[in-house]
$ cat upload.txt   # compact mmCIF, C-alpha atoms
# COMPACT_ATOMS: atom_id res chain seq x y z
CA MET X 1 125.22 105.52 109.12
CA HIS X 2 121.78 103.89 108.72
CA GLU X 3 121.59 100.14 108.21
CA GLY X 4 118.40 98.69 106.77
CA ILE X 5 115.89 97.91 109.49
CA VAL X 6 113.45 95.03 109.10
CA LEU X 7 110.05 95.87 110.54
CA ASP X 8 108.50 93.22 112.74
CA LEU X 9 104.90 93.63 111.64
CA PRO X 10 102.08 91.09 111.82
CA PHE X 11 99.28 90.62 109.35
CA LYS X 12 96.04 91.95 110.77
CA GLY X 13 92.79 90.00 110.74
CA ASP X 14 92.38 87.88 107.63
CA ARG X 15 94.61 90.07 105.46
CA ASP X 16 97.68 88.54 103.88
CA TYR X 17 99.40 91.82 103.12
CA LEU X 18 100.77 94.81 104.98
CA ARG X 19 99.12 98.13 104.38
CA MET X 20 99.48 101.81 105.09
CA ALA X 21 97.94 101.50 108.58
CA ASP X 22 100.53 98.88 109.53
CA LEU X 23 103.49 100.71 108.05
CA PHE X 24 102.97 104.32 109.09
CA PRO X 25 103.31 103.87 112.88
CA ALA X 26 106.24 101.49 112.44
CA ILE X 27 108.12 103.90 110.17
CA GLN X 28 107.33 106.76 112.52
CA GLU X 29 108.94 104.75 115.31
CA VAL X 30 112.03 104.01 113.20
CA ALA X 31 112.31 107.69 112.27
CA GLN X 32 112.19 108.79 115.91
CA ASP X 33 114.72 106.10 116.89
CA GLN X 34 117.07 107.28 114.16
CA PHE X 35 116.67 111.03 114.31
CA GLY X 36 115.04 111.93 117.61
CA ALA X 37 111.62 112.37 119.15
CA LEU X 38 110.74 115.35 116.99
CA ALA X 39 111.20 113.51 113.69
CA GLN X 40 107.92 113.08 111.80
CA VAL X 41 106.99 111.05 108.76
CA SER X 42 105.77 113.64 106.27
CA SER X 43 104.97 111.34 103.37
CA LEU X 44 104.53 107.64 102.72
CA ILE X 45 104.00 105.93 99.37
CA VAL X 46 103.14 102.24 99.18
CA ARG X 47 103.15 101.15 95.55
CA ARG X 48 101.86 97.61 95.97
CA PRO X 49 100.44 95.30 98.62
CA LEU X 50 103.36 93.98 100.62
CA MET X 51 103.23 90.25 101.34
CA ARG X 52 106.58 89.78 103.09
CA ALA X 53 108.59 91.48 105.81
CA ILE X 54 109.58 95.04 104.99
CA GLN X 55 113.00 96.57 105.35
CA VAL X 56 113.33 100.30 105.86
CA SER X 57 116.37 101.87 104.24
CA PHE X 58 117.72 105.39 104.21
CA GLN X 59 119.81 104.62 101.13
CA PRO X 60 118.23 104.66 97.63
CA VAL X 61 116.98 101.25 96.51
CA GLU X 62 116.14 100.29 92.93
CA GLY X 63 112.76 98.64 92.45
CA CYS X 64 111.54 99.52 95.92
CA SER X 65 107.99 98.81 96.99
CA GLY X 66 107.49 102.20 98.53
CA SER X 67 109.15 105.27 99.87
CA PHE X 68 108.75 107.87 102.57
CA ARG X 69 110.10 111.16 103.82
CA VAL X 70 110.93 112.23 107.33
CA ARG X 71 110.83 115.85 108.38
CA HIS X 72 113.43 116.62 111.01
CA ASP X 73 115.26 119.74 112.06
CA GLY X 74 114.49 121.58 108.81
CA GLU X 75 115.55 118.62 106.67
CA ASN X 76 113.46 116.33 104.51
CA ILE X 77 115.08 112.90 104.75
CA ALA X 78 114.21 110.30 102.11
CA GLY X 79 113.66 106.65 102.91
CA TRP X 80 112.77 103.52 100.93
CA LEU X 81 110.74 100.38 101.64
CA VAL X 82 112.04 97.06 100.39
CA GLU X 83 110.10 93.81 100.45
CA THR X 84 112.45 91.12 101.80
CA ASP X 85 112.32 87.34 101.30
CA GLN X 86 111.37 86.94 104.95
CA GLN X 87 107.85 85.65 105.62
CA VAL X 88 105.52 87.56 107.89
CA SER X 89 105.24 85.06 110.71
CA ARG X 90 102.66 86.62 112.98
CA ARG X 91 98.99 87.41 112.67
CA VAL X 92 96.85 89.37 115.12
CA PRO X 93 93.07 89.55 115.32
CA TYR X 94 91.60 92.72 113.89
CA ASP X 95 88.04 93.77 113.31
CA SER X 96 87.54 97.31 112.06
CA SER X 97 83.74 97.11 111.90
CA PRO X 98 83.22 99.29 115.02
CA ILE X 99 84.79 102.22 113.15
CA PRO X 100 82.15 102.59 110.42
CA ALA X 101 79.52 102.04 113.07
CA ALA X 102 80.83 105.03 115.02
CA ALA X 103 81.48 107.27 112.04
CA VAL X 104 79.38 110.18 110.89
CA SER X 105 79.36 110.27 107.12
CA GLY X 106 77.76 112.12 104.25
CA PRO X 107 78.47 112.90 100.62
CA ASP X 108 82.25 112.74 100.16
CA PHE X 109 83.18 112.84 103.84
CA ALA X 110 83.38 110.70 106.97
CA ARG X 111 84.44 111.66 110.48
CA ILE X 112 84.87 110.25 113.95
CA LEU X 113 84.31 112.66 116.79
CA ASP X 114 86.03 110.89 119.68
CA PRO X 115 88.66 108.21 120.30
CA LEU X 116 87.49 104.62 119.91
CA PRO X 117 88.88 102.12 122.42
CA GLY X 118 91.05 99.51 120.71
CA PHE X 119 91.83 101.59 117.64
CA SER X 120 94.68 103.97 117.03
CA PRO X 121 93.90 107.34 115.46
CA PHE X 122 95.68 106.14 112.33
CA ASP X 123 93.54 102.98 112.14
CA ILE X 124 90.54 105.27 112.33
CA LEU X 125 91.89 107.53 109.62
CA VAL X 126 92.41 104.61 107.25
CA SER X 127 88.92 103.25 107.90
CA LEU X 128 87.39 106.67 107.25
CA SER X 129 89.14 106.76 103.89
CA LYS X 130 87.65 103.38 103.04
CA ILE X 131 84.20 104.61 104.02
CA VAL X 132 84.46 107.61 101.72
CA GLY X 133 85.91 105.54 98.88
CA ALA X 134 83.06 103.04 99.22
CA GLN X 135 80.58 105.86 98.66
CA ARG X 136 81.88 106.05 95.09
CA THR X 137 82.28 102.33 94.53
CA PRO X 138 82.22 99.37 96.89
CA ARG X 139 85.28 97.85 95.22
CA PRO X 140 88.45 98.00 97.34
CA TRP X 141 90.51 101.18 97.38
CA TRP X 142 94.25 100.88 97.89
CA LEU X 143 95.61 103.71 100.02
CA CYS X 144 98.86 104.37 98.27
CA GLN X 145 100.07 107.81 99.31
CA LEU X 146 99.94 109.93 102.44
CA ASN X 147 101.25 113.49 102.56
CA LEU X 148 101.28 115.33 105.87
CA ASP X 149 101.83 119.08 106.04
CA THR X 150 101.69 118.93 109.82
CA PRO X 151 102.24 115.89 112.04
CA PHE X 152 99.48 113.37 112.55
CA THR X 153 98.62 113.38 116.24
CA GLU X 154 95.97 112.03 118.61
CA ARG X 155 93.60 114.96 118.07
CA PHE X 156 89.91 114.48 117.31
CA PRO X 157 87.67 114.78 115.41
CA ILE X 158 89.41 112.94 112.60
CA GLU X 159 87.86 113.48 109.20
CA VAL X 160 88.43 112.45 105.60
CA ARG X 161 86.94 114.58 102.85
CA VAL X 162 87.16 114.14 99.09
CA LEU X 163 89.32 116.71 97.35
CA HIS X 164 89.53 115.18 93.90
CA TRP X 165 88.08 112.19 92.04
CA LEU X 166 89.89 111.21 88.89
CA GLY X 167 88.72 108.77 86.30
CA GLY X 168 86.60 106.87 88.79
CA ARG X 169 89.83 105.11 89.69
CA PHE X 170 91.84 107.59 91.72
CA ALA X 171 90.93 109.76 94.66
CA VAL X 172 92.60 112.47 96.67
CA PHE X 173 91.20 112.90 100.18
CA ASN X 174 91.93 115.72 102.55
CA VAL X 175 92.85 114.58 106.05
CA LEU X 176 91.55 116.74 108.88
CA GLN X 177 92.28 116.66 112.59
CA ALA X 178 90.44 118.96 114.98
CA ASP X 179 88.76 120.55 111.93
CA THR X 180 92.06 121.56 110.34
CA VAL X 181 93.44 120.10 107.12
CA ILE X 182 96.76 118.46 107.95
CA GLY X 183 97.46 116.64 104.69
CA SER X 184 96.06 114.29 102.10
CA PHE X 185 95.61 110.63 101.25
CA ARG X 186 95.65 109.25 97.73
CA ALA X 187 93.89 106.04 96.88
CA ILE X 188 93.61 103.95 93.77
CA LEU X 189 90.84 101.56 92.90
CA GLY X 190 91.81 97.93 92.74
CA GLY X 191 94.82 97.23 94.82
CA THR X 192 96.75 94.36 93.35
CA SER X 193 99.06 96.58 91.36
CA ILE X 194 99.43 100.24 90.63
CA MET P 1 86.03 117.07 91.67
CA ALA P 2 87.99 120.23 90.93
CA GLN P 3 88.18 122.82 93.66
CA ALA P 4 86.00 125.85 93.09
CA SER P 5 88.22 128.81 92.38
CA ALA P 6 88.45 131.99 90.37
CA PRO P 7 88.91 131.42 86.62
CA LEU P 8 92.52 131.25 85.60
CA PRO P 9 93.73 134.02 83.29
CA ARG P 10 93.57 133.09 79.60
CA ARG P 11 96.96 131.93 78.33
CA THR P 12 98.61 133.93 75.64
CA SER P 13 100.96 131.15 74.57
CA PRO P 14 100.42 127.41 74.11
CA ILE P 15 101.51 124.95 76.75
CA SER P 16 104.77 123.36 75.66
CA THR P 17 106.07 119.91 76.44
CA ALA P 18 109.00 121.62 78.18
CA GLU P 19 106.55 123.37 80.49
CA LEU P 20 104.87 120.05 81.26
CA ARG P 21 108.25 118.49 81.92
CA GLU P 22 108.93 121.18 84.53
CA LEU P 23 105.61 120.41 86.15
CA ILE P 24 106.42 116.70 86.20
CA ALA P 25 109.68 117.47 87.97
CA ARG P 26 107.63 118.74 90.91
CA VAL P 27 105.62 115.50 91.17
CA ASP P 28 107.13 112.73 93.29
CA THR P 29 107.33 109.88 90.76
CA VAL P 30 108.99 106.51 90.95
CA ALA P 31 110.17 106.90 87.37
CA ASP P 32 112.69 109.52 86.32
CA LEU P 33 110.43 111.51 84.03
CA LYS P 34 112.49 114.69 83.97
CA LYS P 35 114.18 113.67 80.72
CA LEU P 36 111.10 112.10 79.19
CA MET P 37 110.96 112.35 75.40
CA ASP P 38 107.89 114.07 73.98
CA THR P 39 106.58 110.92 72.31
CA THR P 40 107.54 108.32 74.91
CA ARG P 41 104.55 106.84 76.70
CA PHE P 42 104.63 107.49 80.43
CA ARG P 43 104.27 103.78 81.14
CA ASP P 44 107.19 102.94 78.84
CA ALA P 45 109.31 105.40 80.81
CA GLY P 46 108.59 103.45 83.98
CA ALA P 47 105.68 105.46 85.36
CA ASP P 48 103.11 103.41 87.22
CA SER P 49 99.45 104.29 87.73
CA LEU P 50 100.17 106.34 90.83
CA ASP P 51 102.73 108.43 88.94
CA PHE P 52 100.29 108.97 86.07
CA TYR P 53 97.35 109.94 88.25
CA ASN P 54 99.48 112.24 90.36
CA LEU P 55 100.67 113.91 87.19
CA ILE P 56 97.12 114.38 85.93
CA VAL P 57 95.98 115.79 89.27
CA ALA P 58 98.90 118.25 89.23
CA ILE P 59 98.01 119.32 85.68
CA GLU P 60 94.33 119.78 86.50
CA GLU P 61 95.27 121.92 89.50
CA GLU P 62 97.86 123.93 87.58
CA TYR P 63 95.73 124.73 84.54
CA GLY P 64 92.22 124.53 85.97
CA VAL P 65 91.27 121.93 83.38
CA THR P 66 89.34 118.73 83.98
CA ILE P 67 90.56 115.86 81.87
CA ALA P 68 87.59 113.66 81.03
CA ASP P 69 87.69 110.09 82.30
CA SER P 70 87.28 108.83 78.76
CA ASP P 71 90.32 110.82 77.62
CA LEU P 72 92.76 109.57 80.25
CA GLY P 73 93.89 106.69 78.09
CA GLU P 74 94.66 109.04 75.21
CA VAL P 75 96.93 111.53 76.96
CA ASN P 76 99.72 109.05 77.49
CA THR P 77 102.66 111.11 76.21
CA LEU P 78 103.87 114.65 76.81
CA GLU P 79 103.07 115.57 73.22
CA LYS P 80 99.49 114.29 73.39
CA LEU P 81 98.98 115.87 76.77
CA ALA P 82 100.15 119.29 75.57
CA LYS P 83 97.94 119.04 72.48
CA TYR P 84 94.93 118.04 74.57
CA LEU P 85 95.43 120.92 77.01
CA ASN P 86 95.99 123.50 74.29
CA GLU P 87 92.79 122.47 72.51
CA ARG P 88 90.81 122.94 75.70
CA LEU P 89 92.45 126.17 76.76
CA ALA P 90 92.28 127.79 73.32
$ encode --input "upload.txt" --output "structure tokens"
Amino acid sequence: MHEGIVLDLPFKGDRDYLRMADLFPAIQEVAQDQFGALAQVSSLIVRRPLMRAIQVSFQPVEGCSGSFRVRHDGENIAGWLVETDQQVSRRVPYDSSPIPAAAVSGPDFARILDPLPGFSPFDILVSLSKIVGAQRTPRPWWLCQLNLDTPFTERFPIEVRVLHWLGGRFAVFNVLQADTVIGSFRAILGGTSI
Amino acid sequence: MAQASAPLPRRTSPISTAELRELIARVDTVADLKKLMDTTRFRDAGADSLDFYNLIVAIEEEYGVTIADSDLGEVNTLEKLAKYLNERLA
């Protein structure tokens, strides 16, 4: 029923890997194409930085680079991410520095009150997670897991708040939209391999 | 940081490796840890860091125990994890 679908994603800015912020909207789009407009990505796990084009599959794949679940019509549909041999051929400019500049942050939280032109709500969410992670250590945090109890939408404020630090190397952040917890992000320190 | 909550009731029986295995089954891991042997290291069973940390977070939430950073490297099998938890919950 579902053939693998290769995502046409560019690298952003000077990065040479695809990350959660690139993948989530693309997988959401695939899910809605496949299952209908009400389908929602409810979880996404990215186990390593992805350097090549990514194929989305709804059939189990050994040695996959990540996985996700789609909530649709009372079902929880599993999907897998496979790194192909295909090079990522495009690159688009990206500068996230306006996001920290617009954020309100304090101990273990960061929030953005209103939409920022040029940035999707999900871009903002990811940047907020980085801000909070950097409060603990300025080394890079790899956002490796997103769990959504309710769909991520365009609502503001968007906020990230620490729920759990573990071993100085792993963090669980609550994700809030319009002051309501909608899910969580998990991040691991480092980023080359988990 | 553990969530502030009411103290958990004191256990009347030790935590078994079977109980931990049931808890693992509820964690979304890349490795199939449901049939993990008591003395097999998580990493040797195919668990990556994300699996391990998710497991530890689930255990801390379930039992209201904080596993010290310095001890994370030690609790690398079901058997060691159960022993560690039972010592702290005794």
$ residues_around --input "upload.txt" --residues "Ala47 in chain P" --least-positions-apart "2" --cutoff "12 Å" --atoms "only C-alpha atoms" --output "PyMOL selection string"
(chain X and resi 47+194) or (chain P and resi 24+27-34+36+40-45+49-55+76-77)
$ write_last_selection --input "upload.txt" --atoms "C-alpha atoms" --output "PDB file, keeping the file's coordinate frame"
ATOM      1  CA  ARG X  47     103.150 101.150  95.550  1.00  0.00           C
ATOM      2  CA  ILE X 194      99.430 100.240  90.630  1.00  0.00           C
TER       3      ILE X 194
ATOM      4  CA  ILE P  24     106.420 116.700  86.200  1.00  0.00           C
ATOM      5  CA  VAL P  27     105.620 115.500  91.170  1.00  0.00           C
ATOM      6  CA  ASP P  28     107.130 112.730  93.290  1.00  0.00           C
ATOM      7  CA  THR P  29     107.330 109.880  90.760  1.00  0.00           C
ATOM      8  CA  VAL P  30     108.990 106.510  90.950  1.00  0.00           C
ATOM      9  CA  ALA P  31     110.170 106.900  87.370  1.00  0.00           C
ATOM     10  CA  ASP P  32     112.690 109.520  86.320  1.00  0.00           C
ATOM     11  CA  LEU P  33     110.430 111.510  84.030  1.00  0.00           C
ATOM     12  CA  LYS P  34     112.490 114.690  83.970  1.00  0.00           C
ATOM     13  CA  LEU P  36     111.100 112.100  79.190  1.00  0.00           C
ATOM     14  CA  THR P  40     107.540 108.320  74.910  1.00  0.00           C
ATOM     15  CA  ARG P  41     104.550 106.840  76.700  1.00  0.00           C
ATOM     16  CA  PHE P  42     104.630 107.490  80.430  1.00  0.00           C
ATOM     17  CA  ARG P  43     104.270 103.780  81.140  1.00  0.00           C
ATOM     18  CA  ASP P  44     107.190 102.940  78.840  1.00  0.00           C
ATOM     19  CA  ALA P  45     109.310 105.400  80.810  1.00  0.00           C
ATOM     20  CA  SER P  49      99.450 104.290  87.730  1.00  0.00           C
ATOM     21  CA  LEU P  50     100.170 106.340  90.830  1.00  0.00           C
ATOM     22  CA  ASP P  51     102.730 108.430  88.940  1.00  0.00           C
ATOM     23  CA  PHE P  52     100.290 108.970  86.070  1.00  0.00           C
ATOM     24  CA  TYR P  53      97.350 109.940  88.250  1.00  0.00           C
ATOM     25  CA  ASN P  54      99.480 112.240  90.360  1.00  0.00           C
ATOM     26  CA  LEU P  55     100.670 113.910  87.190  1.00  0.00           C
ATOM     27  CA  ASN P  76      99.720 109.050  77.490  1.00  0.00           C
ATOM     28  CA  THR P  77     102.660 111.110  76.210  1.00  0.00           C
TER      29      THR P  77
END
$ closest_residue --input "upload.txt" --among "X:Ala134, X:Leu166, X:Arg52, X:Leu38" --to "Gln86 in chain X" --atoms "only C-alpha atoms"
X:Arg52
$ residues_around --input "upload.txt" --residues "Ile77 in chain X" --least-positions-apart "4" --cutoff "12 Å" --atoms "all atoms listed in the file" --output "list of chain:residue names"
X:His2, X:Ala31, X:Gln34, X:Phe35, X:Ala39, X:Gln40, X:Val41, X:Ser42, X:Ser43, X:Leu44, X:Ser57, X:Phe58, X:Gln59, X:Pro60, X:Ser67, X:Phe68, X:Arg69, X:Val70, X:Arg71, X:His72, X:Asp73
$ residues_around --input "upload.txt" --residues "Ser127 in chain X" --least-positions-apart "4" --cutoff "12 Å" --atoms "only C-alpha atoms" --output "NGL selection string"
:X and (19-21 or 95-103 or 105 or 109-112 or 119-123 or 131-134 or 140-143 or 158-160 or 185)
$ residues_near_point --input "upload.txt" --point "(89.8, 100.5, 92.9)" --cutoff "9 Å" --atoms "only C-alpha atoms" --output "number ranges by chain"
X: 133, 137-142, 168-170, 187-191
$ atom_distance --input "upload.txt" --atom1 "CA of Met51 in chain X" --atom2 "CA of Gly4 in chain X"
18.2 Å
$ axis_aligned_box --input "upload.txt" --around "range 62-73 of chain P" --padding-each-side "8 Å" --output "JSON"
{"center_x": 92.6, "center_y": 115.7, "center_z": 82.6, "size_x": 26.6, "size_y": 34.0, "size_z": 26.0}
$ closest_residue --input "upload.txt" --among "P:Ala82, P:Leu89, P:Met37, P:Leu72" --to "Leu20 in chain P" --atoms "all atoms listed in the file"
P:Ala82
$ closest_residue --input "upload.txt" --among "X:Pro93, X:Pro151, X:Gly183, X:Gly167" --to "Gly13 in chain X" --atoms "all atoms listed in the file"
X:Pro93
$ atom_distance --input "upload.txt" --atom1 "CA of Val88 in chain X" --atom2 "CA of Ala53 in chain X"
5.4 Å
$ closest_residue --input "upload.txt" --among "P:Glu87, P:Val57, P:Glu62, P:Ala18" --to "chain X" --atoms "only C-alpha atoms"
P:Val57
$ closest_residue --input "upload.txt" --among "X:Ile124, X:Gln145, X:Asp114, X:Leu9" --to "Ala178 in chain X" --atoms "all atoms listed in the file"
X:Asp114
$ closest_residue --input "upload.txt" --among "X:Arg90, X:Gln177, X:Val126, X:Ile27" --to "Ala78 in chain X" --atoms "only C-alpha atoms"
X:Ile27
$ residues_around --input "upload.txt" --residues "Thr66 in chain P" --least-positions-apart "3" --cutoff "12 Å" --atoms "all atoms listed in the file" --output "short mmCIF file (atom, residue, chain, number, x, y, z; two decimals) with C-alpha atoms, in the frame of the given file"
data_model
loop_
_atom_site.label_atom_id
_atom_site.label_comp_id
_atom_site.auth_asym_id
_atom_site.auth_seq_id
_atom_site.Cartn_x
_atom_site.Cartn_y
_atom_site.Cartn_z
CA HIS X 164 89.53 115.18 93.90
CA TRP X 165 88.08 112.19 92.04
CA LEU X 166 89.89 111.21 88.89
CA GLY X 167 88.72 108.77 86.30
CA MET P 1 86.03 117.07 91.67
CA ALA P 2 87.99 120.23 90.93
CA GLN P 3 88.18 122.82 93.66
CA ILE P 56 97.12 114.38 85.93
CA VAL P 57 95.98 115.79 89.27
CA ALA P 58 98.90 118.25 89.23
CA ILE P 59 98.01 119.32 85.68
CA GLU P 60 94.33 119.78 86.50
CA GLU P 61 95.27 121.92 89.50
CA GLU P 62 97.86 123.93 87.58
CA TYR P 63 95.73 124.73 84.54
CA ASP P 69 87.69 110.09 82.30
CA SER P 70 87.28 108.83 78.76
CA ASP P 71 90.32 110.82 77.62
CA LEU P 72 92.76 109.57 80.25
CA TYR P 84 94.93 118.04 74.57
CA LEU P 85 95.43 120.92 77.01
CA ARG P 88 90.81 122.94 75.70
CA LEU P 89 92.45 126.17 76.76
#
$ atom_distance --input "upload.txt" --atom1 "CA of Phe152 in chain X" --atom2 "CA of Leu7 in chain X"
20.5 Å
$ build_atoms --input "upload.txt" --residues "range 39-62 of chain P" --atoms "N, CA and C atoms" --output "PDB file, in the frame of the given file"
ATOM      1  N   THR P  39     107.462 111.955  72.856  1.00  0.00           N
ATOM      2  CA  THR P  39     106.580 110.920  72.310  1.00  0.00           C
ATOM      3  C   THR P  39     106.678 109.587  73.061  1.00  0.00           C
ATOM      4  N   THR P  40     107.436 109.558  74.120  1.00  0.00           N
ATOM      5  CA  THR P  40     107.540 108.320  74.910  1.00  0.00           C
ATOM      6  C   THR P  40     106.326 108.193  75.820  1.00  0.00           C
ATOM      7  N   ARG P  41     105.702 107.029  75.815  1.00  0.00           N
ATOM      8  CA  ARG P  41     104.550 106.840  76.700  1.00  0.00           C
ATOM      9  C   ARG P  41     105.028 106.813  78.153  1.00  0.00           C
ATOM     10  N   PHE P  42     104.244 107.420  79.016  1.00  0.00           N
ATOM     11  CA  PHE P  42     104.630 107.490  80.430  1.00  0.00           C
ATOM     12  C   PHE P  42     104.937 106.096  80.970  1.00  0.00           C
ATOM     13  N   ARG P  43     104.082 105.137  80.620  1.00  0.00           N
ATOM     14  CA  ARG P  43     104.270 103.780  81.140  1.00  0.00           C
ATOM     15  C   ARG P  43     105.588 103.189  80.648  1.00  0.00           C
ATOM     16  N   ASP P  44     105.938 103.468  79.385  1.00  0.00           N
ATOM     17  CA  ASP P  44     107.190 102.940  78.840  1.00  0.00           C
ATOM     18  C   ASP P  44     108.404 103.562  79.521  1.00  0.00           C
ATOM     19  N   ALA P  45     108.202 104.739  80.103  1.00  0.00           N
ATOM     20  CA  ALA P  45     109.310 105.400  80.810  1.00  0.00           C
ATOM     21  C   ALA P  45     109.389 104.928  82.265  1.00  0.00           C
ATOM     22  N   GLY P  46     108.517 104.005  82.626  1.00  0.00           N
ATOM     23  CA  GLY P  46     108.590 103.450  83.980  1.00  0.00           C
ATOM     24  C   GLY P  46     107.558 103.998  84.940  1.00  0.00           C
ATOM     25  N   ALA P  47     106.696 104.891  84.461  1.00  0.00           N
ATOM     26  CA  ALA P  47     105.680 105.460  85.360  1.00  0.00           C
ATOM     27  C   ALA P  47     104.609 104.413  85.644  1.00  0.00           C
ATOM     28  N   ASP P  48     104.224 104.298  86.903  1.00  0.00           N
ATOM     29  CA  ASP P  48     103.110 103.410  87.220  1.00  0.00           C
ATOM     30  C   ASP P  48     101.830 104.243  87.321  1.00  0.00           C
ATOM     31  N   SER P  49     100.740 103.591  87.699  1.00  0.00           N
ATOM     32  CA  SER P  49      99.450 104.290  87.730  1.00  0.00           C
ATOM     33  C   SER P  49      99.464 105.455  88.698  1.00  0.00           C
ATOM     34  N   LEU P  50     100.120 105.256  89.836  1.00  0.00           N
ATOM     35  CA  LEU P  50     100.170 106.340  90.830  1.00  0.00           C
ATOM     36  C   LEU P  50     100.885 107.558  90.252  1.00  0.00           C
ATOM     37  N   ASP P  51     102.010 107.318  89.583  1.00  0.00           N
ATOM     38  CA  ASP P  51     102.730 108.430  88.940  1.00  0.00           C
ATOM     39  C   ASP P  51     101.811 109.159  87.960  1.00  0.00           C
ATOM     40  N   PHE P  52     101.127 108.372  87.114  1.00  0.00           N
ATOM     41  CA  PHE P  52     100.290 108.970  86.070  1.00  0.00           C
ATOM     42  C   PHE P  52      99.158 109.790  86.684  1.00  0.00           C
ATOM     43  N   TYR P  53      98.472 109.222  87.648  1.00  0.00           N
ATOM     44  CA  TYR P  53      97.350 109.940  88.250  1.00  0.00           C
ATOM     45  C   TYR P  53      97.828 111.183  88.997  1.00  0.00           C
ATOM     46  N   ASN P  54      98.957 111.058  89.676  1.00  0.00           N
ATOM     47  CA  ASN P  54      99.480 112.240  90.360  1.00  0.00           C
ATOM     48  C   ASN P  54      99.827 113.347  89.369  1.00  0.00           C
ATOM     49  N   LEU P  55     100.352 112.934  88.232  1.00  0.00           N
ATOM     50  CA  LEU P  55     100.670 113.910  87.190  1.00  0.00           C
ATOM     51  C   LEU P  55      99.404 114.592  86.674  1.00  0.00           C
ATOM     52  N   ILE P  56      98.371 113.808  86.436  1.00  0.00           N
ATOM     53  CA  ILE P  56      97.120 114.380  85.930  1.00  0.00           C
ATOM     54  C   ILE P  56      96.492 115.327  86.959  1.00  0.00           C
ATOM     55  N   VAL P  57      96.516 114.921  88.220  1.00  0.00           N
ATOM     56  CA  VAL P  57      95.980 115.790  89.270  1.00  0.00           C
ATOM     57  C   VAL P  57      96.756 117.118  89.308  1.00  0.00           C
ATOM     58  N   ALA P  58      98.076 117.030  89.207  1.00  0.00           N
ATOM     59  CA  ALA P  58      98.900 118.250  89.230  1.00  0.00           C
ATOM     60  C   ALA P  58      98.570 119.144  88.037  1.00  0.00           C
ATOM     61  N   ILE P  59      98.340 118.533  86.881  1.00  0.00           N
ATOM     62  CA  ILE P  59      98.010 119.320  85.680  1.00  0.00           C
ATOM     63  C   ILE P  59      96.638 119.973  85.830  1.00  0.00           C
ATOM     64  N   GLU P  60      95.675 119.217  86.324  1.00  0.00           N
ATOM     65  CA  GLU P  60      94.330 119.780  86.500  1.00  0.00           C
ATOM     66  C   GLU P  60      94.378 120.970  87.473  1.00  0.00           C
ATOM     67  N   GLU P  61      95.170 120.830  88.529  1.00  0.00           N
ATOM     68  CA  GLU P  61      95.270 121.920  89.500  1.00  0.00           C
ATOM     69  C   GLU P  61      96.011 123.126  88.908  1.00  0.00           C
ATOM     70  N   GLU P  62      97.047 122.854  88.137  1.00  0.00           N
ATOM     71  CA  GLU P  62      97.860 123.930  87.580  1.00  0.00           C
ATOM     72  C   GLU P  62      97.093 124.749  86.544  1.00  0.00           C
TER      73      GLU P  62
END
